[in-house]
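Colleague: Below is my_file.txt; it holds compact mmCIF, C-alpha atoms.
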# COMPACT_ATOMS: atom_id res chain seq x y z
CA MET Z 1 -3.84 36.12 -9.37
CA ASN Z 2 -2.93 33.01 -11.42
CA ASP Z 3 0.68 33.36 -10.30
CA MET Z 4 -0.25 33.25 -6.66
CA VAL Z 5 1.93 30.73 -4.79
CA ILE Z 6 0.00 27.89 -3.20
CA GLY Z 7 1.17 25.07 -0.98
CA VAL Z 8 2.99 27.55 1.26
CA THR Z 9 3.03 26.79 4.96
CA THR Z 10 4.39 28.88 7.78
CA PRO Z 11 8.20 28.72 7.36
CA LYS Z 12 8.51 27.71 11.00
CA TYR Z 13 6.85 24.38 10.34
CA GLY Z 14 6.49 23.62 6.64
CA ALA Z 15 7.53 23.80 3.02
CA THR Z 16 7.40 26.96 0.93
CA GLU Z 17 6.97 25.35 -2.48
CA SER Z 18 4.04 24.17 -4.54
CA PHE Z 19 4.19 20.38 -4.69
CA THR Z 20 1.78 20.32 -7.63
CA ARG Z 21 3.86 22.67 -9.77
CA LYS Z 22 7.10 21.00 -8.70
CA ALA Z 23 5.73 17.72 -10.10
CA GLY Z 24 4.73 19.42 -13.36
CA LEU Z 25 1.06 18.63 -12.81
CA ASP Z 26 -1.92 20.56 -14.12
CA THR Z 27 -3.68 22.69 -11.52
CA GLY Z 28 -7.22 22.57 -12.94
CA PRO Z 29 -10.23 20.46 -11.87
CA VAL Z 30 -9.88 16.66 -12.13
CA PRO Z 31 -12.63 14.52 -13.76
CA ILE Z 32 -14.41 12.04 -11.47
CA ASP Z 33 -15.29 9.46 -14.12
CA SER Z 34 -12.53 7.11 -12.90
CA TYR Z 35 -14.54 6.59 -9.68
CA VAL Z 36 -17.94 5.88 -11.25
CA SER Z 37 -17.59 4.72 -14.86
CA PRO Z 38 -17.98 0.95 -15.54
CA GLU Z 39 -16.05 1.42 -18.79
CA PHE Z 40 -13.15 3.08 -16.99
CA PHE Z 41 -13.09 0.30 -14.39
CA GLU Z 42 -12.84 -2.35 -17.09
CA LEU Z 43 -9.87 -0.52 -18.61
CA GLU Z 44 -8.27 -0.30 -15.17
CA ARG Z 45 -8.72 -4.02 -14.72
CA GLN Z 46 -7.10 -4.87 -18.03
CA ARG Z 47 -4.58 -2.11 -18.62
CA VAL Z 48 -3.48 -1.25 -15.09
CA PHE Z 49 -3.80 -4.31 -12.86
CA GLY Z 50 -3.27 -6.67 -15.79
CA ARG Z 51 0.03 -5.00 -16.77
CA ALA Z 52 1.54 -3.31 -13.70
CA TRP Z 53 3.76 -4.93 -11.06
CA LEU Z 54 1.64 -5.69 -7.98
CA CYS Z 55 2.93 -6.19 -4.45
CA MET Z 56 1.96 -9.51 -2.87
CA GLY Z 57 3.69 -9.14 0.50
CA ARG Z 58 7.06 -9.55 2.17
CA VAL Z 59 9.59 -12.37 2.18
CA ASP Z 60 8.99 -12.59 5.95
CA GLN Z 61 5.71 -14.31 5.10
CA LEU Z 62 7.77 -17.21 3.72
CA PRO Z 63 10.11 -17.88 6.67
CA GLU Z 64 11.14 -21.43 5.74
CA ILE Z 65 11.80 -23.67 2.76
CA HIS Z 66 8.48 -25.02 1.37
CA SER Z 67 6.42 -22.30 3.07
CA TYR Z 68 3.72 -20.64 0.99
CA PHE Z 69 0.86 -18.16 1.03
CA VAL Z 70 -2.09 -17.54 -1.28
CA LYS Z 71 -3.18 -14.07 -2.40
CA GLU Z 72 -6.48 -13.44 -4.15
CA VAL Z 73 -6.27 -10.77 -6.86
CA ALA Z 74 -9.98 -10.53 -7.53
CA VAL Z 75 -9.70 -7.61 -9.95
CA CYS Z 76 -7.82 -9.93 -12.33
CA LYS Z 77 -9.78 -13.05 -11.31
CA ALA Z 78 -6.53 -14.63 -10.17
CA SER Z 79 -5.61 -16.79 -7.20
CA VAL Z 80 -1.86 -16.36 -6.69
CA LEU Z 81 0.24 -18.96 -4.88
CA VAL Z 82 3.62 -17.70 -3.66
CA THR Z 83 6.16 -20.30 -2.49
CA ARG Z 84 9.72 -20.61 -1.21
CA ASN Z 85 10.97 -23.78 -2.88
CA GLN Z 86 13.65 -26.33 -1.99
CA ASN Z 87 16.30 -24.10 -3.58
CA ASP Z 88 15.24 -21.13 -1.42
CA LYS Z 89 13.77 -19.39 -4.47
CA ILE Z 90 10.60 -17.34 -4.12
CA GLN Z 91 8.22 -17.84 -7.03
CA ALA Z 92 4.57 -17.08 -7.69
CA PHE Z 93 2.22 -19.39 -9.59
CA HIS Z 94 -1.39 -19.41 -10.64
CA ASN Z 95 -3.06 -21.52 -7.95
CA VAL Z 96 -4.71 -23.64 -10.64
CA CYS Z 97 -4.40 -27.37 -11.23
CA ALA Z 98 -3.34 -28.37 -14.74
CA HIS Z 99 -5.87 -31.20 -14.78
CA ARG Z 100 -9.32 -29.63 -14.44
CA GLY Z 101 -8.60 -26.10 -13.21
CA ASN Z 102 -9.39 -26.59 -9.53
CA LEU Z 103 -7.66 -24.32 -7.00
CA VAL Z 104 -4.78 -26.43 -5.71
CA VAL Z 105 -4.18 -24.79 -2.31
CA PRO Z 106 -7.35 -23.89 -0.36
CA THR Z 107 -5.56 -22.49 2.71
CA ALA Z 108 -4.22 -18.94 3.14
CA CYS Z 109 -0.71 -20.00 4.16
CA GLY Z 110 1.30 -22.94 5.38
CA LYS Z 111 4.32 -25.13 4.82
CA SER Z 112 4.43 -28.24 2.66
CA GLN Z 113 6.88 -29.77 0.22
CA ARG Z 114 3.97 -31.24 -1.69
CA LEU Z 115 0.83 -29.36 -2.74
CA ARG Z 116 -2.05 -31.71 -3.51
CA CYS Z 117 -5.20 -30.81 -5.42
CA ASP Z 118 -8.20 -32.11 -3.50
CA TYR Z 119 -10.25 -32.83 -6.62
CA HIS Z 120 -8.32 -35.77 -8.10
CA GLY Z 121 -5.10 -35.84 -6.11
CA TRP Z 122 -2.67 -34.34 -8.61
CA THR Z 123 0.38 -33.34 -6.58
CA TYR Z 124 2.94 -30.58 -7.14
CA GLN Z 125 6.23 -29.65 -5.52
CA SER Z 126 6.63 -26.21 -3.96
CA SER Z 127 8.73 -25.40 -7.03
CA GLY Z 128 5.67 -25.98 -9.23
CA GLU Z 129 6.58 -29.31 -10.87
CA LEU Z 130 3.88 -31.94 -11.22
CA ILE Z 131 5.16 -35.02 -9.37
CA GLY Z 132 2.10 -37.18 -8.82
CA VAL Z 133 -0.84 -38.24 -11.01
CA PRO Z 134 -3.16 -41.01 -9.76
CA ASP Z 135 -3.82 -43.66 -12.44
CA GLN Z 136 -1.36 -41.93 -14.75
CA GLN Z 137 -1.27 -44.88 -17.17
CA ASN Z 138 -4.87 -44.22 -18.13
CA PHE Z 139 -4.02 -40.79 -19.64
CA PHE Z 140 -2.95 -40.33 -23.25
CA ASP Z 141 0.78 -39.57 -23.57
CA LEU Z 142 0.77 -37.38 -20.45
CA ASP Z 143 3.96 -35.34 -20.12
CA LYS Z 144 4.19 -34.27 -16.48
CA LYS Z 145 6.97 -31.80 -17.31
CA GLN Z 146 4.45 -29.79 -19.33
CA CYS Z 147 1.78 -29.88 -16.63
CA GLY Z 148 3.33 -28.03 -13.74
CA LEU Z 149 1.77 -25.01 -12.06
CA THR Z 150 1.69 -21.99 -14.35
CA PRO Z 151 4.41 -19.57 -13.20
CA ILE Z 152 3.80 -15.85 -12.77
CA ALA Z 153 6.58 -13.32 -13.33
CA THR Z 154 8.00 -12.63 -9.87
CA GLY Z 155 10.42 -9.98 -8.63
CA LEU Z 156 11.90 -8.89 -5.30
CA TRP Z 157 12.71 -5.40 -4.09
CA GLU Z 158 13.97 -4.69 -0.58
CA GLY Z 159 12.21 -7.79 0.75
CA TRP Z 160 8.91 -7.03 -1.00
CA ILE Z 161 7.46 -9.60 -3.41
CA PHE Z 162 5.98 -8.29 -6.67
CA ILE Z 163 4.23 -10.11 -9.49
CA ASN Z 164 3.25 -9.19 -13.03
CA LEU Z 165 0.30 -11.02 -14.57
CA GLN Z 166 1.42 -10.50 -18.17
CA SER Z 167 2.78 -13.75 -19.60
CA LYS Z 168 5.88 -11.79 -20.62
CA PRO Z 169 6.12 -8.48 -18.73
CA GLU Z 170 6.80 -5.54 -21.02
CA VAL Z 171 8.74 -3.71 -18.33
CA SER Z 172 10.97 -5.09 -15.58
CA LEU Z 173 10.29 -4.50 -11.90
CA GLU Z 174 13.39 -2.28 -11.76
CA GLU Z 175 12.07 -0.14 -14.63
CA PHE Z 176 8.61 -0.03 -13.06
CA LEU Z 177 9.85 1.18 -9.67
CA GLY Z 178 12.24 3.60 -11.37
CA PRO Z 179 13.49 6.48 -9.19
CA TYR Z 180 11.32 5.36 -6.26
CA GLY Z 181 13.18 2.04 -6.11
CA LYS Z 182 16.52 3.84 -6.05
CA ALA Z 183 15.49 6.53 -3.54
CA PHE Z 184 14.05 4.08 -1.00
CA ALA Z 185 16.61 1.32 -1.46
CA GLY Z 186 18.14 0.35 1.84
CA VAL Z 187 15.30 1.56 4.06
CA PRO Z 188 15.63 -0.54 7.25
CA PHE Z 189 12.35 -2.37 7.72
CA GLY Z 190 13.53 -4.15 10.87
CA LYS Z 191 12.39 -7.58 11.97
CA ASP Z 192 10.54 -9.45 14.71
CA HIS Z 193 7.59 -7.08 14.65
CA GLU Z 194 4.19 -7.30 16.20
CA ILE Z 195 1.80 -7.38 13.22
CA LEU Z 196 -1.60 -5.75 13.49
CA ILE Z 197 -3.92 -6.32 10.52
CA ILE Z 198 -7.06 -4.26 9.98
CA GLU Z 199 -9.12 -4.97 6.88
CA ALA Z 200 -12.52 -4.16 5.52
CA LYS Z 201 -14.68 -4.57 2.44
CA PHE Z 202 -16.86 -1.59 1.66
CA ASN Z 203 -19.05 -0.08 -1.04
CA ALA Z 204 -16.79 2.49 -2.63
CA ASN Z 205 -14.25 2.72 -5.45
CA TRP Z 206 -10.76 1.55 -4.48
CA LYS Z 207 -9.22 4.95 -5.15
CA LEU Z 208 -11.42 6.72 -2.59
CA ILE Z 209 -9.79 5.00 0.38
CA MET Z 210 -6.40 5.39 -1.28
CA ASP Z 211 -7.10 9.12 -1.65
CA ALA Z 212 -7.97 9.34 2.06
CA PHE Z 213 -4.37 8.49 2.95
CA ALA Z 214 -2.87 10.69 0.24
CA GLU Z 215 -3.43 14.00 2.03
CA ALA Z 216 -3.81 15.59 5.47
CA TYR Z 217 -6.15 18.41 4.42
CA HIS Z 218 -9.06 16.41 5.88
CA VAL Z 219 -7.50 15.96 9.32
CA GLN Z 220 -9.23 18.96 10.95
CA ALA Z 221 -12.68 17.97 9.72
CA ILE Z 222 -12.67 14.15 9.87
CA HIS Z 223 -10.26 13.58 12.78
CA PRO Z 224 -10.77 16.55 15.16
CA ASN Z 225 -10.21 14.48 18.30
CA THR Z 226 -7.97 11.63 17.12
CA LEU Z 227 -5.37 13.11 14.75
CA ALA Z 228 -5.83 16.86 14.57
CA PRO Z 229 -4.17 17.67 17.93
CA GLY Z 230 -0.98 15.87 16.92
CA PHE Z 231 -0.96 16.54 13.18
CA SER Z 232 -1.81 20.23 13.07
CA HIS Z 233 -1.01 23.41 14.98
CA PRO Z 234 -3.77 25.91 15.78
CA GLN Z 235 -1.72 28.91 14.61
CA ASP Z 236 1.29 27.76 12.62
CA ASN Z 237 -0.12 24.81 10.60
CA LYS Z 238 -3.86 24.61 11.20
CA TYR Z 239 -4.62 22.56 8.08
CA ALA Z 240 -1.78 20.05 8.47
CA ARG Z 241 0.01 21.09 5.30
CA PRO Z 242 2.82 18.65 4.38
CA LEU Z 243 6.44 19.22 5.24
CA SER Z 244 7.55 17.93 1.85
CA GLY Z 245 6.20 16.10 -1.18
CA ASP Z 246 7.67 14.55 -4.31
CA THR Z 247 6.96 12.28 -7.26
CA PHE Z 248 9.13 9.40 -8.48
CA GLY Z 249 7.93 8.54 -11.97
CA LEU Z 250 4.76 6.49 -11.37
CA HIS Z 251 5.04 6.81 -7.61
CA SER Z 252 4.91 9.58 -5.00
CA SER Z 253 5.42 10.50 -1.35
CA TRP Z 254 4.71 13.19 1.21
CA SER Z 255 5.85 13.91 4.77
CA ALA Z 256 3.29 14.70 7.47
CA PHE Z 257 3.66 17.43 10.04
CA GLY Z 258 3.75 16.45 13.72
CA ASN Z 259 2.80 19.10 16.25
CA PRO Z 260 5.88 19.58 18.48
CA GLU Z 261 3.71 21.36 21.04
CA TYR Z 262 1.22 18.51 21.40
CA VAL Z 263 0.44 17.69 25.01
CA THR Z 264 -1.63 14.70 26.04
CA PRO Z 265 -5.03 16.01 27.24
CA PRO Z 266 -5.51 15.69 31.01
CA GLN Z 267 -8.70 13.66 30.52
CA SER Z 268 -6.87 11.07 28.35
CA HIS Z 269 -5.66 8.97 31.27
CA VAL Z 270 -4.62 5.87 29.28
CA GLU Z 271 -2.68 7.91 26.75
CA ARG Z 272 -0.94 9.86 29.51
CA LEU Z 273 0.06 6.61 31.17
CA ALA Z 274 1.12 4.84 27.97
CA CYS Z 275 2.76 7.42 25.79
CA LYS Z 276 6.09 9.14 25.86
CA VAL Z 277 5.91 11.34 22.79
CA ASP Z 278 9.57 12.16 22.30
CA THR Z 279 10.00 11.21 18.67
CA GLY Z 280 7.98 13.78 16.75
CA GLY Z 281 4.28 13.04 16.56
CA LEU Z 282 1.30 11.11 17.76
CA LEU Z 283 2.44 7.95 15.95
CA GLY Z 284 5.71 7.92 17.84
CA SER Z 285 7.23 5.41 20.23
CA ASP Z 286 10.28 5.19 22.42
CA VAL Z 287 13.55 5.94 20.66
CA ASN Z 288 15.37 2.71 19.85
CA GLU Z 289 17.98 1.49 17.39
CA GLU Z 290 15.40 0.64 14.73
CA VAL Z 291 13.85 4.11 14.95
CA LEU Z 292 17.24 5.82 14.69
CA LYS Z 293 18.20 3.78 11.60
CA LEU Z 294 14.88 4.54 9.95
CA ARG Z 295 15.14 8.27 10.58
CA ALA Z 296 18.69 8.36 9.25
CA HIS Z 297 17.73 7.12 5.77
CA PRO Z 298 17.86 10.04 3.32
CA ALA Z 299 14.46 9.27 1.74
CA VAL Z 300 12.61 9.13 5.06
CA ASN Z 301 11.62 12.58 6.29
CA PRO Z 302 13.80 14.01 3.49
CA THR Z 303 13.94 17.51 4.99
CA LYS Z 304 14.90 15.97 8.36
CA ALA Z 305 12.42 18.32 10.04
CA PRO Z 306 12.29 17.71 13.81
CA TRP Z 307 8.48 18.09 13.71
CA TRP Z 308 8.06 15.20 11.30
CA SER Z 309 5.46 12.58 12.22
CA ALA Z 310 5.16 10.20 9.26
CA ASP Z 311 5.84 9.59 5.56
CA VAL Z 312 3.24 8.31 3.13
CA THR Z 313 4.73 6.66 0.04
CA SER Z 314 2.55 5.39 -2.78
CA ILE Z 315 3.64 2.64 -5.19
CA PHE Z 316 1.44 2.63 -8.29
CA PRO Z 317 -1.18 1.38 -8.66
CA ASN Z 318 -2.52 0.30 -5.22
CA PHE Z 319 0.14 -0.10 -2.54
CA ASN Z 320 1.44 2.24 0.17
CA ILE Z 321 4.46 1.86 2.43
CA ASP Z 322 4.33 4.43 5.23
CA PHE Z 323 6.88 5.21 7.89
CA SER Z 324 6.80 6.73 11.36
CA THR Z 325 8.79 6.40 14.53
CA GLY Z 326 6.23 3.87 15.75
CA GLY Z 327 7.28 1.42 13.04
CA TYR Z 328 5.97 1.14 9.50
CA TRP Z 329 2.68 0.14 7.94
CA THR Z 330 1.29 -0.76 4.53
CA HIS Z 331 -2.01 -0.25 2.77
CA GLU Z 332 -3.37 -2.48 0.01
CA PHE Z 333 -6.31 -1.14 -2.01
CA TRP Z 334 -7.81 -4.01 -4.00
CA PRO Z 335 -10.78 -3.41 -6.32
CA LEU Z 336 -13.56 -5.99 -6.09
CA ALA Z 337 -15.87 -4.09 -8.44
CA ARG Z 338 -16.27 -0.55 -9.70
CA ASP Z 339 -17.83 0.45 -6.37
CA ARG Z 340 -16.52 -2.21 -3.99
CA THR Z 341 -13.07 -2.47 -2.36
CA HIS Z 342 -11.06 -4.81 -0.17
CA TRP Z 343 -8.69 -2.69 1.92
CA ILE Z 344 -5.92 -4.19 4.07
CA LEU Z 345 -3.83 -2.25 6.59
CA ARG Z 346 -0.83 -4.10 8.02
CA ILE Z 347 0.93 -2.32 10.90
CA CYS Z 348 4.40 -3.54 11.88
CA ILE Z 349 5.39 -2.47 15.39
CA PRO Z 350 8.67 -3.26 17.20
CA LYS Z 351 8.08 -5.89 19.86
CA ALA Z 352 7.53 -4.59 23.37
CA SER Z 353 10.62 -4.25 25.55
CA SER Z 354 8.81 -3.37 28.78
CA VAL Z 355 5.35 -3.39 30.37
CA ARG Z 356 4.95 0.34 29.67
CA HIS Z 357 6.08 -0.19 26.08
CA ARG Z 358 3.49 -2.98 25.71
CA LEU Z 359 0.79 -0.63 26.96
CA GLN Z 360 2.04 2.06 24.58
CA LEU Z 361 1.81 -0.29 21.59
CA GLU Z 362 -1.69 -1.38 22.56
CA HIS Z 363 -2.73 2.27 22.76
CA TYR Z 364 -1.05 2.89 19.39
CA ALA Z 365 -3.08 0.06 17.85
CA ALA Z 366 -6.32 1.31 19.39
CA ARG Z 367 -5.70 4.83 18.09
CA TRP Z 368 -5.14 3.42 14.60
CA CYS Z 369 -8.48 1.61 14.73
CA GLU Z 370 -10.26 4.83 15.68
CA VAL Z 371 -8.60 6.80 12.88
CA VAL Z 372 -9.16 4.34 10.04
CA LEU Z 373 -12.78 3.80 11.02
CA GLU Z 374 -13.32 7.53 10.54
CA ASP Z 375 -11.67 7.39 7.10
CA VAL Z 376 -13.31 4.23 5.80
CA THR Z 377 -16.87 5.11 6.80
CA ASN Z 378 -16.58 8.44 5.00
CA CYS Z 379 -15.59 6.79 1.71
CA GLU Z 380 -19.01 5.23 1.20
CA ARG Z 381 -20.58 8.67 1.59
CA ILE Z 382 -18.22 10.06 -1.05
CA GLN Z 383 -19.16 7.26 -3.44
CA ARG Z 384 -22.86 8.03 -3.05
CA GLY Z 385 -22.16 11.70 -3.71
CA LEU Z 386 -20.16 10.99 -6.85
CA GLU Z 387 -22.75 8.52 -8.15
CA SER Z 388 -25.42 11.23 -8.00
CA GLY Z 389 -23.95 12.93 -11.05
CA ALA Z 390 -24.17 16.31 -9.34
CA ARG Z 391 -20.55 17.06 -10.17
CA LYS Z 392 -18.32 15.97 -13.05
CA GLU Z 393 -15.04 17.20 -11.56
CA MET Z 394 -13.29 17.56 -8.22
CA ILE Z 395 -11.25 20.59 -7.17
CA LEU Z 396 -7.93 19.76 -5.52
CA GLN Z 397 -5.62 21.93 -3.47
CA ASP Z 398 -1.83 21.73 -3.36
CA GLY Z 399 -1.73 19.37 -0.38
CA GLU Z 400 -3.73 16.88 -2.46
CA PHE Z 401 -1.06 16.66 -5.17
CA MET Z 402 -0.69 12.87 -4.71
CA ILE Z 403 -4.32 12.35 -5.77
CA ARG Z 404 -3.75 14.50 -8.84
CA HIS Z 405 -0.54 12.61 -9.68
CA HIS Z 406 -2.21 9.21 -9.24
CA GLN Z 407 -5.11 10.25 -11.46
CA ALA Z 408 -2.73 11.49 -14.18
CA THR Z 409 -0.68 8.27 -14.03
CA LEU Z 410 -3.79 6.11 -14.05
CA ARG Z 411 -5.19 7.87 -17.12
CA LYS Z 412 -1.91 7.44 -18.92
CA TRP Z 413 -1.96 3.69 -18.29
CA VAL Z 414 -5.63 3.34 -19.19
CA GLY Z 415 -5.07 5.21 -22.45
CA ALA Z 416 -1.87 3.41 -23.47
CA GLU Z 417 -1.96 0.47 -25.86
CA SER Z 418 0.98 -1.15 -24.06
CA ALA Z 419 2.72 -0.98 -20.70
CA ALA Z 420 5.84 0.19 -22.49
CA ASP Z 421 3.90 3.14 -23.91
CA ALA Z 422 2.45 3.89 -20.46
CA MET Z 423 5.98 4.10 -19.05
CA LYS Z 424 7.13 6.72 -21.55
Would you write out, as structure tokens, the structure that this file holds?

Modeller:
Amino acid sequence: MNDMVIGVTTPKYGATESFTRKAGLDTGPVPIDSYVSPEFFELERQRVFGRAWLCMGRVDQLPEIHSYFVKEVAVCKASVLVTRNQNDKIQAFHNVCAHRGNLVVPTACGKSQRLRCDYHGWTYQSSGELIGVPDQQNFFDLDKKQCGLTPIATGLWEGWIFINLQSKPEVSLEEFLGPYGKAFAGVPFGKDHEILIIEAKFNANWKLIMDAFAEAYHVQAIHPNTLAPGFSHPQDNKYARPLSGDTFGLHSSWSAFGNPEYVTPPQSHVERLACKVDTGGLLGSDVNEEVLKLRAHPAVNPTKAPWWSADVTSIFPNFNIDFSTGGYWTHEFWPLARDRTHWILRICIPKASSVRHRLQLEHYAARWCEVVLEDVTNCERIQRGLESGARKEMILQDGEFMIRHHQATLRKWVGAESAADAMK
């Protein structure tokens, strides 16, 4: 019985391998202490978020010289200022004035060659240098060259901006991304998108909402009317088993099934008017050049199954980049406390090319809101259940291999004395 193959879907529509065993993961129960333990959370804060490379956003958010944005990394008590300076270099800094520690930039984003602290007027260039000190002669041997904004290690990958809060990162961004960075290099992210942002703060551990997007096993139960018709098949893939799944060192991905026999229900008048589902799933859109380029990349829908609907890719510790023929989207899962999370979903949709396409994109956005509301509200119920102490472990099936992999990676980082050791 122990040799029984799991993770097998009907050959017509899915994979015939065990993703868990392929990744070399244990198949036993997984402890739940990482979701409820204050001690574990403190180790996460220091040893994971304090040492890992963290995604801050895309270079598109800095479209011009001297543009900037501010990102709050509450889990590390850091306010991060990211700028594009006069030399077109992107660099992150601690958003902290060298004089008395005030936050220099109070706005979320903008453009300015000079960044002035409102407390006493100390002024910095977008490159971080201190260039203005009121009543400077009344200081004692002030060396402005030593009083610039404190830089944060910054790296770029495929247009994504990453930072590392260690003063001297133990591992490079290239080493950190490892095989994931190589496999997904060159993915065409397109440009000139409509950006839809959905965010929420809720009372649950950050990993619970991350887990919700790491598997499709819950689709039938949580999303019977929104996702299940398009992401499962009543006979051939009832439980939405993945088409493929893989791990890339610290990171992982899986491909979601899209029901090729899905038909818009006759009572769904807006969907019938808006949608032309000809690209493999409920998250599809009209075929265009961007869609064709995305589908052609070898890492996207790696089996090239025609009934593919979406890819979920997870970059450790808290960032997802997901792909579908409707565009791409990202998830950020930021801990605020052991049992409180700030979650940000950013959906990037090709700009409308017709009135019908505009209607389709609006319907796409509305469907997303319905789906994520179902996921997010359930997470608080899970947190209450875990806090009860009724269970010490959770039992995962093969389609939940990404949760198991993330837990194993997280425990390795929490238990390691250095980031270099965690990478081994």

Colleague: Compile the contact shell of Ser167 of chain Z as a PyMOL selection string: residues with an atom at most 9 Å away, counting all atoms listed in the file, same-chain residues fewer than 5 positions apart removed.

Modeller: chain Z and resi 151-153

Colleague: Write out, as a CSV table (one decimal), keeping the file's coordinate frame, the residues just selected, with C-alpha atoms.

Modeller:
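Okay, again29.csv is ready:
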chain,number,residue,atom,x,y,z
Z,151,PRO,CA,4.4,-19.6,-13.2
Z,152,ILE,CA,3.8,-15.8,-12.8
Z,153,ALA,CA,6.6,-13.3,-13.3

Colleague: Excluding same-chain residues fewer than 2 positions from Gly101 of chain Z, what lies within 12 Å of it counting all atoms listed in the file, as a list in words?

Modeller: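 What passes the distance filter is Ser79, His94, Asn95, Val96, Cys97, Ala98, His99, Leu103, Val104, Val105, Cys117, Asp118, Tyr119, His120, Trp122, Cys147, Leu149 and Thr150 of chain Z.
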
Colleague: From the list Z:Leu62, Z:Val219, Z:Leu250, Z:Ala390, which residue is nearest Arg411 of chain Z when using only C-alpha atoms?

Modeller: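 Looking at the shortest contact to Arg411 of chain Z, the residue is Z:Leu250.
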
Colleague: Please provide the set of residues having any atom within 8 Å of Asn203 of chain Z, restricted to all atoms listed in the file, with same-chain residues fewer than 4 positions apart removed, written as a VMD selection string.

Modeller: chain Z and resid 339 to 341 380 383

Colleague: Output C-alpha atoms for every residue in that selection, as an mmCIF file, in the frame of the given file.

Modeller:
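Dumped to selection37.cif:
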data_model
loop_
_atom_site.group_PDB
_atom_site.id
_atom_site.type_symbol
_atom_site.label_atom_id
_atom_site.label_comp_id
_atom_site.auth_asym_id
_atom_site.auth_seq_id
_atom_site.Cartn_x
_atom_site.Cartn_y
_atom_site.Cartn_z
ATOM 1 C CA ASP Z 339 -17.830 0.450 -6.370
ATOM 2 C CA ARG Z 340 -16.520 -2.210 -3.990
ATOM 3 C CA THR Z 341 -13.070 -2.470 -2.360
ATOM 4 C CA GLU Z 380 -19.010 5.230 1.200
ATOM 5 C CA GLN Z 383 -19.160 7.260 -3.440
#

Colleague: So, counting only C-alpha atoms, which residue among Z:His406, Z:His223, Z:Lys424, Z:Lys191 is closest to Gly327 of chain Z?

Modeller: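 The answer is Z:Lys191, which sits nearest to Gly327 of chain Z.
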